[in-house]
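Here is query-v1.csv, consisting of CSV, C-alpha atoms and all ligand atoms:
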```csv
chain,number,residue,atom,x,y,z
W,1,MET,CA,83.4,-57.4,200.0
W,2,ASN,CA,83.6,-57.4,196.2
W,3,SER,CA,83.0,-54.2,194.2
W,4,GLU,CA,79.3,-55.0,193.5
W,5,GLU,CA,78.6,-55.6,197.2
W,6,ILE,CA,80.3,-52.3,198.1
W,7,TYR,CA,78.2,-50.4,195.5
W,8,ASN,CA,75.0,-51.9,196.8
W,9,LEU,CA,75.7,-51.3,200.5
W,10,SER,CA,76.8,-47.7,199.8
W,11,ASP,CA,73.8,-46.9,197.5
W,12,SER,CA,71.4,-48.2,200.1
W,13,HIS,CA,72.7,-46.3,203.1
W,14,VAL,CA,74.9,-43.4,202.2
W,15,MET,CA,73.3,-40.0,201.4
W,16,GLN,CA,73.1,-39.6,197.7
W,17,THR,CA,75.1,-36.3,197.5
W,18,TYR,CA,77.8,-37.8,195.2
W,19,ARG,CA,77.5,-39.1,191.6
W,20,ARG,CA,80.0,-41.9,191.9
W,21,TYR,CA,81.9,-43.9,189.3
W,22,PRO,CA,81.4,-47.7,189.6
W,23,LEU,CA,84.7,-48.2,191.2
W,24,ALA,CA,85.6,-49.1,194.8
W,25,LEU,CA,89.3,-48.6,195.6
W,26,VAL,CA,90.5,-50.5,198.6
W,27,ARG,CA,94.3,-50.2,198.6
W,28,GLY,CA,97.1,-47.9,197.3
W,29,ARG,CA,100.8,-47.5,197.0
W,30,GLY,CA,102.6,-44.6,195.3
W,31,MET,CA,101.0,-44.0,191.9
W,32,LYS,CA,98.9,-47.2,192.1
W,33,VAL,CA,95.6,-48.1,193.5
W,34,TRP,CA,93.6,-51.4,193.4
W,35,ASP,CA,89.9,-52.0,193.4
W,36,ALA,CA,87.9,-54.5,195.4
W,37,ASP,CA,88.2,-57.0,192.6
W,38,GLY,CA,91.9,-56.7,192.4
W,39,ARG,CA,92.2,-54.5,189.3
W,40,GLU,CA,95.1,-52.1,189.3
W,41,TYR,CA,95.0,-48.4,188.3
W,42,LEU,CA,97.5,-45.6,187.8
W,43,ASP,CA,96.1,-42.7,189.7
W,44,PHE,CA,96.3,-39.4,187.8
W,45,LEU,CA,93.8,-37.7,190.1
W,46,ALA,CA,95.4,-38.5,193.5
W,47,GLY,CA,92.1,-38.1,195.5
W,48,ILE,CA,91.6,-34.7,193.8
W,49,ALA,CA,95.0,-33.2,194.5
W,50,VAL,CA,95.3,-34.6,198.0
W,51,CYS,CA,97.8,-37.5,197.7
W,52,ASN,CA,100.7,-35.3,196.5
W,53,LEU,CA,103.1,-37.9,197.8
W,54,GLY,CA,101.2,-40.8,196.2
W,55,HIS,CA,99.3,-43.3,198.3
W,56,CYS,CA,100.5,-44.4,201.7
W,57,HIS,CA,103.8,-42.7,201.6
W,58,PRO,CA,106.0,-44.5,204.2
W,59,LEU,CA,107.0,-41.4,206.1
W,60,VAL,CA,103.4,-40.2,206.5
W,61,THR,CA,102.1,-43.7,207.3
W,62,HIS,CA,104.8,-44.1,209.9
W,63,ALA,CA,104.2,-40.7,211.5
W,64,ILE,CA,100.4,-41.5,211.8
W,65,ALA,CA,101.0,-44.9,213.3
W,66,GLU,CA,103.5,-43.6,215.9
W,67,GLN,CA,101.3,-40.7,216.9
W,68,ALA,CA,98.2,-42.9,217.0
W,69,LYS,CA,100.0,-45.0,219.6
W,70,THR,CA,101.2,-42.0,221.6
W,71,LEU,CA,98.4,-39.4,221.7
W,72,MET,CA,95.5,-38.7,219.3
W,73,HIS,CA,93.5,-35.9,220.8
W,74,VAL,CA,93.5,-33.5,223.8
W,75,SER,CA,91.6,-30.4,222.7
W,76,ASN,CA,92.9,-26.8,222.3
W,77,LEU,CA,92.5,-26.2,226.1
W,78,TYR,CA,96.1,-27.4,226.2
W,79,TYR,CA,99.3,-26.8,224.4
W,80,ILE,CA,99.9,-29.3,221.6
W,81,GLU,CA,103.5,-30.1,220.6
W,82,PRO,CA,102.9,-31.2,216.9
W,83,GLN,CA,100.6,-28.2,216.4
W,84,ALA,CA,103.2,-25.8,217.5
W,85,GLN,CA,105.8,-27.5,215.4
W,86,LEU,CA,103.6,-27.5,212.3
W,87,ALA,CA,102.8,-23.8,212.7
W,88,ALA,CA,106.5,-23.0,213.1
W,89,MET,CA,107.3,-25.0,209.9
W,90,LEU,CA,104.5,-23.4,207.8
W,91,THR,CA,105.3,-19.9,208.9
W,92,GLU,CA,109.0,-20.4,208.3
W,93,LYS,CA,108.3,-21.6,204.8
W,94,SER,CA,105.7,-18.9,203.9
W,95,PHE,CA,104.9,-15.2,204.2
W,96,ALA,CA,102.9,-15.9,207.3
W,97,GLN,CA,103.6,-15.5,211.0
W,98,ARG,CA,100.6,-17.4,212.5
W,99,ALA,CA,98.5,-20.4,211.7
W,100,PHE,CA,95.0,-21.5,212.7
W,101,PHE,CA,94.2,-25.2,212.2
W,102,CYS,CA,91.0,-26.9,211.2
W,103,ASN,CA,89.9,-29.9,209.3
W,104,SER,CA,89.1,-29.0,205.7
W,105,GLY,CA,89.4,-26.4,203.0
W,106,ALA,CA,85.9,-25.0,203.6
W,107,GLU,CA,86.7,-24.5,207.3
W,108,ALA,CA,90.0,-22.9,206.4
W,109,ASN,CA,88.2,-20.4,204.1
W,110,GLU,CA,85.4,-20.0,206.7
W,111,ALA,CA,88.2,-18.9,209.2
W,112,ALA,CA,89.7,-16.5,206.6
W,113,ILE,CA,86.3,-14.9,206.0
W,114,LYS,CA,85.7,-14.5,209.7
W,115,LEU,CA,89.2,-13.0,210.1
W,116,ALA,CA,88.6,-10.5,207.3
W,117,ARG,CA,85.3,-9.4,208.8
W,118,ARG,CA,86.7,-9.0,212.2
W,119,TYR,CA,89.7,-7.1,210.7
W,120,ALA,CA,87.3,-4.8,208.9
W,121,ARG,CA,85.3,-4.0,212.0
W,122,GLU,CA,88.1,-3.7,214.5
W,123,ILE,CA,90.8,-2.1,212.4
W,124,ARG,CA,88.9,-0.2,209.7
W,125,GLY,CA,85.6,0.4,211.5
W,126,ILE,CA,83.5,-1.1,208.6
W,127,GLU,CA,80.1,-2.4,209.9
W,128,ALA,CA,78.9,-4.3,206.8
W,129,ALA,CA,82.1,-5.7,205.4
W,130,GLU,CA,82.3,-7.0,201.8
W,131,ILE,CA,84.7,-9.4,200.2
W,132,ILE,CA,85.4,-9.5,196.5
W,133,THR,CA,85.6,-13.0,195.0
W,134,MET,CA,85.7,-14.4,191.4
W,135,HIS,CA,83.3,-15.9,188.9
W,136,GLN,CA,83.9,-19.7,188.6
W,137,SER,CA,85.7,-19.7,191.9
W,138,PHE,CA,85.4,-22.5,194.4
W,139,HIS,CA,85.9,-22.0,198.1
W,140,GLY,CA,83.9,-24.8,199.7
W,141,ARG,CA,80.4,-26.1,200.6
W,142,THR,CA,79.6,-24.5,204.0
W,143,LEU,CA,77.1,-21.7,203.8
W,144,ALA,CA,79.7,-18.9,204.1
W,145,THR,CA,82.1,-20.5,201.6
W,146,LEU,CA,79.4,-21.4,199.0
W,147,SER,CA,78.3,-17.8,199.3
W,148,ALA,CA,81.9,-16.8,198.5
W,149,THR,CA,81.9,-19.2,195.6
W,150,GLY,CA,81.1,-17.6,192.3
W,151,GLN,CA,79.2,-20.5,190.8
W,152,GLU,CA,75.4,-20.7,190.8
W,153,LYS,CA,75.2,-24.5,190.6
W,154,ILE,CA,77.0,-24.7,194.0
W,155,GLN,CA,74.5,-22.1,195.5
W,156,THR,CA,71.2,-23.5,194.1
W,157,GLY,CA,68.7,-24.4,196.8
W,158,TYR,CA,70.5,-22.7,199.7
W,159,GLN,CA,69.3,-19.2,199.5
W,160,PRO,CA,69.3,-16.9,201.3
W,161,LEU,CA,73.0,-16.8,200.9
W,162,LEU,CA,75.4,-15.1,203.3
W,163,ALA,CA,75.5,-11.4,202.4
W,164,GLY,CA,78.7,-9.5,201.9
W,165,PHE,CA,80.3,-11.0,198.7
W,166,ARG,CA,80.7,-9.3,195.4
W,167,TYR,CA,81.7,-11.4,192.4
W,168,VAL,CA,83.9,-10.2,189.5
W,169,PRO,CA,85.4,-12.0,186.4
W,170,PHE,CA,88.6,-14.0,187.2
W,171,GLY,CA,91.8,-12.8,185.7
W,172,ASP,CA,91.0,-9.1,185.3
W,173,PRO,CA,92.4,-6.8,187.9
W,174,GLY,CA,90.6,-3.9,186.5
W,175,GLU,CA,87.2,-5.5,187.4
W,176,VAL,CA,88.5,-5.9,191.0
W,177,ALA,CA,89.5,-2.2,191.2
W,178,LYS,CA,86.1,-1.2,189.8
W,179,ALA,CA,84.2,-3.3,192.4
W,180,VAL,CA,85.9,-1.8,195.4
W,181,ASN,CA,83.7,0.5,197.6
W,182,LYS,CA,83.9,1.8,201.2
W,183,ASN,CA,82.7,-1.5,202.6
W,184,THR,CA,85.2,-3.7,200.8
W,185,CYS,CA,87.6,-5.4,203.2
W,186,ALA,CA,89.3,-8.1,201.3
W,187,VAL,CA,89.9,-9.8,197.9
W,188,MET,CA,89.7,-13.6,198.0
W,189,VAL,CA,91.1,-15.6,195.1
W,190,GLU,CA,92.6,-18.9,194.0
W,191,PRO,CA,96.0,-18.3,192.4
W,192,ILE,CA,95.0,-21.1,189.9
W,193,GLN,CA,91.3,-21.9,189.7
W,194,GLY,CA,90.7,-25.6,190.3
W,195,GLU,CA,87.0,-26.6,190.2
W,196,GLY,CA,86.3,-23.8,187.8
W,197,GLY,CA,88.2,-25.7,185.1
W,198,VAL,CA,91.9,-25.4,185.9
W,199,ILE,CA,92.4,-21.8,184.9
W,200,VAL,CA,95.8,-20.1,185.2
W,201,PRO,CA,95.6,-16.3,185.1
W,202,ALA,CA,98.0,-14.2,183.0
W,203,SER,CA,101.3,-13.6,184.8
W,204,GLY,CA,101.2,-10.4,186.8
W,205,TYR,CA,97.6,-11.0,188.0
W,206,LEU,CA,98.5,-11.5,191.6
W,207,ARG,CA,100.9,-8.6,191.5
W,208,GLU,CA,98.1,-6.3,190.3
W,209,LEU,CA,95.7,-7.7,193.0
W,210,ARG,CA,98.4,-7.0,195.6
W,211,ARG,CA,98.7,-3.4,194.4
W,212,ILE,CA,95.0,-2.9,194.5
W,213,CYS,CA,94.8,-4.3,198.0
W,214,ASP,CA,97.6,-2.0,199.1
W,215,ASP,CA,96.0,1.0,197.5
W,216,TYR,CA,92.6,0.4,199.2
W,217,ASN,CA,93.9,-1.2,202.4
W,218,LEU,CA,92.3,-4.6,201.7
W,219,LEU,CA,93.4,-8.0,202.8
W,220,LEU,CA,94.6,-10.3,200.0
W,221,ILE,CA,93.3,-13.8,200.8
W,222,LEU,CA,94.7,-16.6,198.7
W,223,ASP,CA,92.9,-19.9,198.6
W,224,GLU,CA,95.7,-22.4,198.0
W,225,VAL,CA,93.6,-25.3,199.1
W,226,GLN,CA,94.2,-27.0,195.8
W,227,CYS,CA,97.2,-25.3,194.2
W,228,GLY,CA,99.3,-25.2,197.3
W,229,MET,CA,101.6,-27.9,198.9
W,230,GLY,CA,103.9,-28.2,195.9
W,231,ARG,CA,101.2,-28.8,193.3
W,232,SER,CA,102.3,-25.8,191.1
W,233,GLY,CA,106.0,-26.7,191.2
W,234,ARG,CA,106.7,-24.3,194.1
W,235,LEU,CA,105.6,-25.1,197.7
W,236,PHE,CA,102.9,-22.3,197.4
W,237,ALA,CA,101.6,-21.0,194.1
W,238,TYR,CA,102.0,-17.3,195.1
W,239,GLN,CA,105.7,-17.8,195.2
W,240,HIS,CA,105.7,-17.8,191.4
W,241,ASP,CA,104.6,-14.2,191.4
W,242,GLY,CA,107.0,-12.5,193.8
W,243,ILE,CA,104.2,-11.2,196.1
W,244,GLU,CA,103.0,-12.0,199.5
W,245,PRO,CA,99.3,-12.3,200.6
W,246,ASP,CA,97.9,-11.3,204.0
W,247,VAL,CA,96.1,-14.6,204.4
W,248,MET,CA,96.4,-18.0,202.8
W,249,THR,CA,94.3,-21.2,203.2
W,250,LEU,CA,95.5,-24.7,202.8
W,251,ALA,CA,93.9,-28.2,203.1
W,252,LYS,CA,93.7,-30.9,200.5
W,253,ALA,CA,97.4,-32.1,200.3
W,254,LEU,CA,98.4,-30.6,203.7
W,255,GLY,CA,98.1,-33.9,205.4
W,256,ALA,CA,98.9,-36.0,202.3
W,257,GLY,CA,95.6,-37.8,202.7
W,258,PHE,CA,94.9,-37.1,206.4
W,259,PRO,CA,92.2,-34.5,206.9
W,260,ILE,CA,93.6,-31.2,208.0
W,261,GLY,CA,93.2,-27.5,207.0
W,262,ALA,CA,95.0,-24.3,207.9
W,263,MET,CA,94.5,-20.6,207.7
W,264,LEU,CA,97.8,-18.8,207.7
W,265,ALA,CA,98.1,-15.0,208.2
W,266,SER,CA,100.5,-12.2,208.8
W,267,ASN,CA,100.9,-10.8,212.3
W,268,ASP,CA,99.0,-7.7,211.2
W,269,ALA,CA,95.9,-9.7,210.1
W,270,ALA,CA,96.2,-12.3,212.8
W,271,ARG,CA,96.1,-9.8,215.6
W,272,VAL,CA,92.2,-9.6,215.4
W,273,PHE,CA,91.9,-13.3,216.2
W,274,GLY,CA,92.3,-13.1,220.0
W,275,ALA,CA,91.2,-15.6,222.7
W,276,GLY,CA,87.7,-16.9,222.1
W,277,SER,CA,87.3,-15.4,218.6
W,278,HIS,CA,87.4,-18.7,216.7
W,279,ALA,CA,87.8,-22.4,217.6
W,280,SER,CA,87.6,-26.0,216.4
W,281,THR,CA,87.4,-29.1,218.6
W,282,PHE,CA,89.6,-31.3,216.3
W,283,GLY,CA,91.5,-28.4,214.7
W,284,GLY,CA,95.3,-29.0,214.9
W,285,ASN,CA,95.0,-32.2,216.9
W,286,PRO,CA,98.2,-34.2,217.5
W,287,LEU,CA,97.4,-36.9,214.9
W,288,ALA,CA,96.5,-34.6,212.1
W,289,CYS,CA,99.5,-32.3,212.8
W,290,SER,CA,101.9,-35.2,212.9
W,291,ALA,CA,100.7,-36.4,209.5
W,292,ALA,CA,101.1,-32.9,208.1
W,293,ILE,CA,104.6,-32.5,209.5
W,294,ALA,CA,105.7,-35.7,207.8
W,295,ALA,CA,103.9,-34.6,204.6
W,296,LEU,CA,105.5,-31.2,204.6
W,297,ASN,CA,109.0,-32.6,205.3
W,298,ALA,CA,108.6,-35.0,202.4
W,299,ILE,CA,107.0,-32.6,199.9
W,300,ASP,CA,109.2,-29.6,200.5
W,301,THR,CA,112.4,-31.2,199.0
W,302,ASP,CA,114.3,-30.4,195.9
W,303,ASP,CA,113.6,-33.9,194.6
W,304,VAL,CA,109.8,-33.7,194.8
W,305,LEU,CA,109.4,-30.1,193.7
W,306,SER,CA,111.8,-30.4,190.8
W,307,ASN,CA,110.1,-33.7,189.7
W,308,CYS,CA,106.8,-31.8,189.8
W,309,LYS,CA,108.2,-29.1,187.5
W,310,LYS,CA,109.9,-31.6,185.2
W,311,MET,CA,107.0,-34.0,184.9
W,312,GLY,CA,104.6,-31.2,184.6
W,313,GLU,CA,106.5,-29.9,181.6
W,314,TYR,CA,106.9,-33.4,180.1
W,315,LEU,CA,103.1,-34.0,180.5
W,316,ARG,CA,102.3,-30.7,178.8
W,317,GLN,CA,104.6,-31.5,175.9
W,318,GLN,CA,103.1,-35.0,175.4
W,319,LEU,CA,99.6,-33.5,175.6
W,320,ASP,CA,100.5,-30.9,173.0
W,321,LYS,CA,101.6,-33.7,170.7
W,322,LEU,CA,98.4,-35.6,171.4
W,323,LYS,CA,96.4,-32.5,170.5
W,324,GLU,CA,97.7,-32.6,167.0
W,325,ASN,CA,95.9,-35.9,166.4
W,326,HIS,CA,92.8,-35.3,168.4
W,327,LYS,CA,90.9,-32.2,167.3
W,328,CYS,CA,88.5,-32.8,170.3
W,329,ILE,CA,91.2,-31.3,172.5
W,330,ILE,CA,90.5,-27.5,172.6
W,331,ASP,CA,92.9,-26.3,175.2
W,332,ILE,CA,95.6,-27.5,177.6
W,333,ARG,CA,96.1,-25.4,180.7
W,334,GLY,CA,98.0,-25.6,184.0
W,335,LEU,CA,101.1,-25.1,186.1
W,336,GLY,CA,103.3,-27.8,187.5
W,337,LEU,CA,101.2,-30.9,188.0
W,338,MET,CA,97.8,-29.1,188.1
W,339,ILE,CA,96.7,-29.6,184.5
W,340,GLY,CA,93.3,-29.2,182.7
W,341,VAL,CA,92.6,-30.6,179.3
W,342,GLU,CA,89.5,-29.0,177.8
W,343,LEU,CA,87.5,-31.1,175.3
W,344,ALA,CA,84.9,-30.1,172.8
W,345,ALA,CA,82.5,-32.7,174.2
W,346,PRO,CA,81.4,-33.7,177.8
W,347,ILE,CA,84.2,-35.7,179.4
W,348,SER,CA,82.3,-38.4,181.4
W,349,GLU,CA,82.6,-41.0,178.7
W,350,VAL,CA,86.4,-40.4,178.4
W,351,ILE,CA,86.9,-40.7,182.1
W,352,ARG,CA,85.0,-44.0,182.1
W,353,ARG,CA,87.0,-45.4,179.2
W,354,CYS,CA,90.2,-44.4,180.9
W,355,GLN,CA,89.1,-46.2,184.0
W,356,LYS,CA,88.4,-49.4,182.1
W,357,LYS,CA,92.0,-49.2,180.8
W,358,GLY,CA,93.5,-48.7,184.2
W,359,ILE,CA,93.9,-44.9,184.3
W,360,LEU,CA,92.2,-42.6,186.8
W,361,VAL,CA,91.6,-39.0,185.7
W,362,GLY,CA,88.9,-36.6,187.0
W,363,PRO,CA,86.6,-33.8,185.9
W,364,ALA,CA,87.0,-30.1,186.5
W,365,GLY,CA,83.6,-28.7,185.3
W,366,GLU,CA,81.7,-30.3,182.4
W,367,LYS,CA,84.3,-30.3,179.7
W,368,THR,CA,87.8,-30.3,181.3
W,369,LEU,CA,89.7,-33.4,182.3
W,370,ARG,CA,91.7,-32.8,185.5
W,371,LEU,CA,95.2,-34.2,185.8
W,372,THR,CA,96.6,-33.9,189.3
W,373,PRO,CA,98.8,-36.9,189.7
W,374,PRO,CA,101.1,-37.4,192.8
W,375,LEU,CA,104.1,-35.2,192.5
W,376,ILE,CA,106.3,-38.3,192.4
W,377,VAL,CA,104.8,-39.4,189.0
W,378,THR,CA,107.4,-40.8,186.6
W,379,GLN,CA,107.9,-40.5,182.8
W,380,PRO,CA,106.8,-44.1,182.2
W,381,ASP,CA,103.5,-43.4,184.1
W,382,ILE,CA,102.9,-40.3,181.9
W,383,ASP,CA,103.7,-42.3,178.8
W,384,ARG,CA,101.0,-44.9,179.8
W,385,LEU,CA,98.5,-42.1,180.4
W,386,ILE,CA,99.2,-40.6,177.0
W,387,GLU,CA,98.9,-44.1,175.3
W,388,VAL,CA,95.5,-44.6,176.9
W,389,LEU,CA,94.2,-41.1,176.1
W,390,ASN,CA,95.3,-41.7,172.5
W,391,GLU,CA,93.2,-44.8,172.5
W,392,VAL,CA,90.1,-43.4,174.1
W,393,LEU,CA,89.9,-39.9,172.7
W,394,PRO,CA,87.9,-39.5,169.5
W,401,LIG,C1,88.6,-28.4,197.5
W,401,LIG,C2,88.7,-27.0,197.6
W,401,LIG,C3,88.0,-26.3,198.7
W,401,LIG,C4,87.2,-27.0,199.7
W,401,LIG,O1,87.9,-27.9,200.5
W,401,LIG,P1,87.1,-29.0,201.3
W,401,LIG,O2,88.2,-29.7,202.1
W,401,LIG,O3,86.3,-29.9,200.4
W,401,LIG,O4,86.1,-28.3,202.2
W,401,LIG,C5,88.2,-24.9,198.8
W,401,LIG,N1,88.9,-24.2,197.9
W,401,LIG,C6,89.5,-24.8,196.9
W,401,LIG,C7,90.3,-24.0,196.0
W,401,LIG,C8,89.4,-26.2,196.7
W,401,LIG,O5,90.0,-26.8,195.7
```

Please express what this file holds, its structure, as structure tokens.
Ligand SMILES: *Cc1c(COP(=O)(O)O)cnc(C)c1O
Amino acid sequence: MNSEEIYNLSDSHVMQTYRRYPLALVRGRGMKVWDADGREYLDFLAGIAVCNLGHCHPLVTHAIAEQAKTLMHVSNLYYIEPQAQLAAMLTEKSFAQRAFFCNSGAEANEAAIKLARRYAREIRGIEAAEIITMHQSFHGRTLATLSATGQEKIQTGYQPLLAGFRYVPFGDPGEVAKAVNKNTCAVMVEPIQGEGGVIVPASGYLRELRRICDDYNLLLILDEVQCGMGRSGRLFAYQHDGIEPDVMTLAKALGAGFPIGAMLASNDAARVFGAGSHASTFGGNPLACSAAIAALNAIDTDDVLSNCKKMGEYLRQQLDKLKENHKCIIDIRGLGLMIGVELAAPISEVIRRCQKKGILVGPAGEKTLRLTPPLIVTQPDIDRLIEVLNEVLP
């Protein structure tokens, strides 16, 4: 099919939940993707921070192909070798001792919310548990996770929301301390807000939250669905702050493009998830876990993580230079290769013009360009991005 045919077929039959750019990508390799009419693009969005190894990384592709030929699915009624191996790897590389697997970020956060409520009831004897979350946060689109999300536009039309969330401004530990009451059981926060506009809190924020959680006996739940898996320059973003959470959720880049989510927890938190307490048919199936094992092996290397740091710094430098000639750039934020460029005007036209010049960038809110390239991005790739931005920005 050519692009036009794909648009028409999709517009006629797919639910109209997405506002799509007129672009149908059919093939990818590393930093590059091609559309159905054969045009080439450099991908600075990477499927919204999913393809951290670029498109079709050979190790991940090979692992999926091999596992697909061997065993795809058996259910959690049985032991699953790749699931056990992936859990061992993730816990070895993080604060956690146990992992629960699911299929998306929302499901991982759903699991974290359920764990926190059960912990509140069983360990602390709280009947109506409350979780503190942040303004402008994003935790997913299920009813529980959109209720946890501190953005009205995500919640509109779905009231009544799930009770038990209290929202405070992001980045201010004092507001969290003020919001704690006898029913509070957890604080749930993105170490770097993604959908809210790529917002990095002042250093020390997570340390303060950890202290508050210790003082009031609360679980600290970190949503690393977007900022995890090397995106920040460390495997997990919390590792920049020298603290450990009680619970952490992962998804997006966990399978380097294959759908998988995980909720990791300390032994202390995980003990309330006994047999029958939570489940997922597909969660942790052999195919998804084999993809994630290959992805984790490839991402957690000095090469990839140091490239992420180096290229992140280079990109920030180049953007700072660009800012001098383009007054429409108001702010440049980020860590590693999770970067937001806030503009004075809406960004949709800039995104379209970049696409026409062969560069894919995304939005994070109304006025922020999101740059989340594969962690294998090179200096020439970044130079090309800057060249194009220089041409399209007013
Ligand atoms: C994308 C995202 C989610 C939701 O993940 P889905 O896989 O779309 O359900 C949750 N939290 C954060 C921080 C995200 O970026």

> Closest to Leu371 (chain W) among W:Lys327, W:Arg271, W:Arg231, W:His240, using all atoms listed in the file?
Replying inline: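 Comparing W:Lys327, W:Arg271, W:Arg231, W:His240 against Leu371 (chain W), the winner is W:Arg231.
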
> Pick from W:Lys153, W:Arg117, W:Lys252, W:Lys367: nearest to Val187 (chain W), with all atoms listed in the file counted?
Replying inline: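 Comparing W:Lys153, W:Arg117, W:Lys252, W:Lys367 against Val187 (chain W), the winner is W:Arg117.
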
Between chain W and ligand LIG 401 (chain W), at 9 Å or less, what are the per-residue closest atom pairs and their distances in Å? Count only C-alpha atoms and all ligand atoms, order by chain and rising residue number, and return it as a tab-separated table.
```
residue	atom	partner	partner_atom	distance
W:Ile48	CA	W:LIG401	C1	7.9
W:Ala49	CA	W:LIG401	O5	8.2
W:Asn103	CA	W:LIG401	O2	7.4
W:Ser104	CA	W:LIG401	O2	3.8
W:Gly105	CA	W:LIG401	O1	3.3
W:Ala106	CA	W:LIG401	O4	3.6
W:Glu107	CA	W:LIG401	O4	6.4
W:Ala108	CA	W:LIG401	O4	7.9
W:Asn109	CA	W:LIG401	C5	7.0
W:Ser137	CA	W:LIG401	C7	7.5
W:Phe138	CA	W:LIG401	N1	5.2
W:His139	CA	W:LIG401	N1	3.7
W:Gly140	CA	W:LIG401	C4	4.0
W:Arg141	CA	W:LIG401	O4	6.3
W:Thr142	CA	W:LIG401	O4	7.7
W:Thr145	CA	W:LIG401	C5	8.0
W:Thr149	CA	W:LIG401	N1	8.9
W:Val189	CA	W:LIG401	C7	8.5
W:Glu190	CA	W:LIG401	C7	5.9
W:Pro191	CA	W:LIG401	C7	8.8
W:Ile192	CA	W:LIG401	C7	8.2
W:Gln193	CA	W:LIG401	C7	6.7
W:Gly194	CA	W:LIG401	O5	5.6
W:Glu195	CA	W:LIG401	O5	6.3
W:Asp223	CA	W:LIG401	C7	5.5
W:Glu224	CA	W:LIG401	C7	6.0
W:Val225	CA	W:LIG401	C6	4.7
W:Gln226	CA	W:LIG401	O5	4.2
W:Cys227	CA	W:LIG401	C7	7.2
W:Thr249	CA	W:LIG401	N1	8.1
W:Leu250	CA	W:LIG401	N1	8.2
W:Ala251	CA	W:LIG401	O2	6.0
W:Lys252	CA	W:LIG401	O2	5.9
W:Pro259	CA	W:LIG401	O2	7.9
W:Ile260	CA	W:LIG401	O2	8.1
W:Gly261	CA	W:LIG401	O2	7.3
```

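The smallest atom-to-atom distance between Thr368 (chain W) and any of W:Gly233, W:Gly334, W:Pro394, W:Pro82, using only C-alpha atoms, is found for W:Gly334.
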
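Relative to CA of Ile113 (chain W), CA of Glu152 (chain W) is found at 19.6 Å.
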
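A straight line drawn from CA of Phe44 (chain W) to CA of Leu360 (chain W) is 5.3 Å long.
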
> Which is closer to Leu218 (chain W) than all the others in W:Val168, W:Ala270, W:Ile132, W:Gly196, using all atoms listed in the file?
Replying inline: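 Closest to Leu218 (chain W), using all atoms listed in the file: W:Ile132.
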
>> Show me, as an MDAnalysis selection string, the residues that have an atom within 12 Å of Gly204 (chain W) when counting all atoms listed in the file, minus same-chain residues fewer than 4 positions from it.
In response: chainID W and resid 171:173 191 200 208:211 238 240:243

>> With only C-alpha atoms as the counted atoms, please give the residues lying no more than 12 Å from Arg124 (chain W), apart from itself and same-chain residues fewer than 2 positions off, as a list in words.
In response: Ala116, Arg117, Arg118, Tyr119, Ala120, Arg121, Glu122, Ile126, Glu127, Ala128, Ala129, Lys182, Asn183, Thr184, Cys185, Ala186, Tyr216, Asn217, Leu218, Leu219, Ala269 and Val272 of chain W

Restricting it to C-alpha atoms, dump the selection as a PDB file, in the frame of the given file.
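Generated file (part-v1.pdb):
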```pdb
ATOM      1  CA  ALA W 116      88.600 -10.500 207.300  1.00  0.00           C
ATOM      2  CA  ARG W 117      85.300  -9.400 208.800  1.00  0.00           C
ATOM      3  CA  ARG W 118      86.700  -9.000 212.200  1.00  0.00           C
ATOM      4  CA  TYR W 119      89.700  -7.100 210.700  1.00  0.00           C
ATOM      5  CA  ALA W 120      87.300  -4.800 208.900  1.00  0.00           C
ATOM      6  CA  ARG W 121      85.300  -4.000 212.000  1.00  0.00           C
ATOM      7  CA  GLU W 122      88.100  -3.700 214.500  1.00  0.00           C
ATOM      8  CA  ILE W 126      83.500  -1.100 208.600  1.00  0.00           C
ATOM      9  CA  GLU W 127      80.100  -2.400 209.900  1.00  0.00           C
ATOM     10  CA  ALA W 128      78.900  -4.300 206.800  1.00  0.00           C
ATOM     11  CA  ALA W 129      82.100  -5.700 205.400  1.00  0.00           C
ATOM     12  CA  LYS W 182      83.900   1.800 201.200  1.00  0.00           C
ATOM     13  CA  ASN W 183      82.700  -1.500 202.600  1.00  0.00           C
ATOM     14  CA  THR W 184      85.200  -3.700 200.800  1.00  0.00           C
ATOM     15  CA  CYS W 185      87.600  -5.400 203.200  1.00  0.00           C
ATOM     16  CA  ALA W 186      89.300  -8.100 201.300  1.00  0.00           C
ATOM     17  CA  TYR W 216      92.600   0.400 199.200  1.00  0.00           C
ATOM     18  CA  ASN W 217      93.900  -1.200 202.400  1.00  0.00           C
ATOM     19  CA  LEU W 218      92.300  -4.600 201.700  1.00  0.00           C
ATOM     20  CA  LEU W 219      93.400  -8.000 202.800  1.00  0.00           C
ATOM     21  CA  ALA W 269      95.900  -9.700 210.100  1.00  0.00           C
ATOM     22  CA  VAL W 272      92.200  -9.600 215.400  1.00  0.00           C
TER      23      VAL W 272
END
```
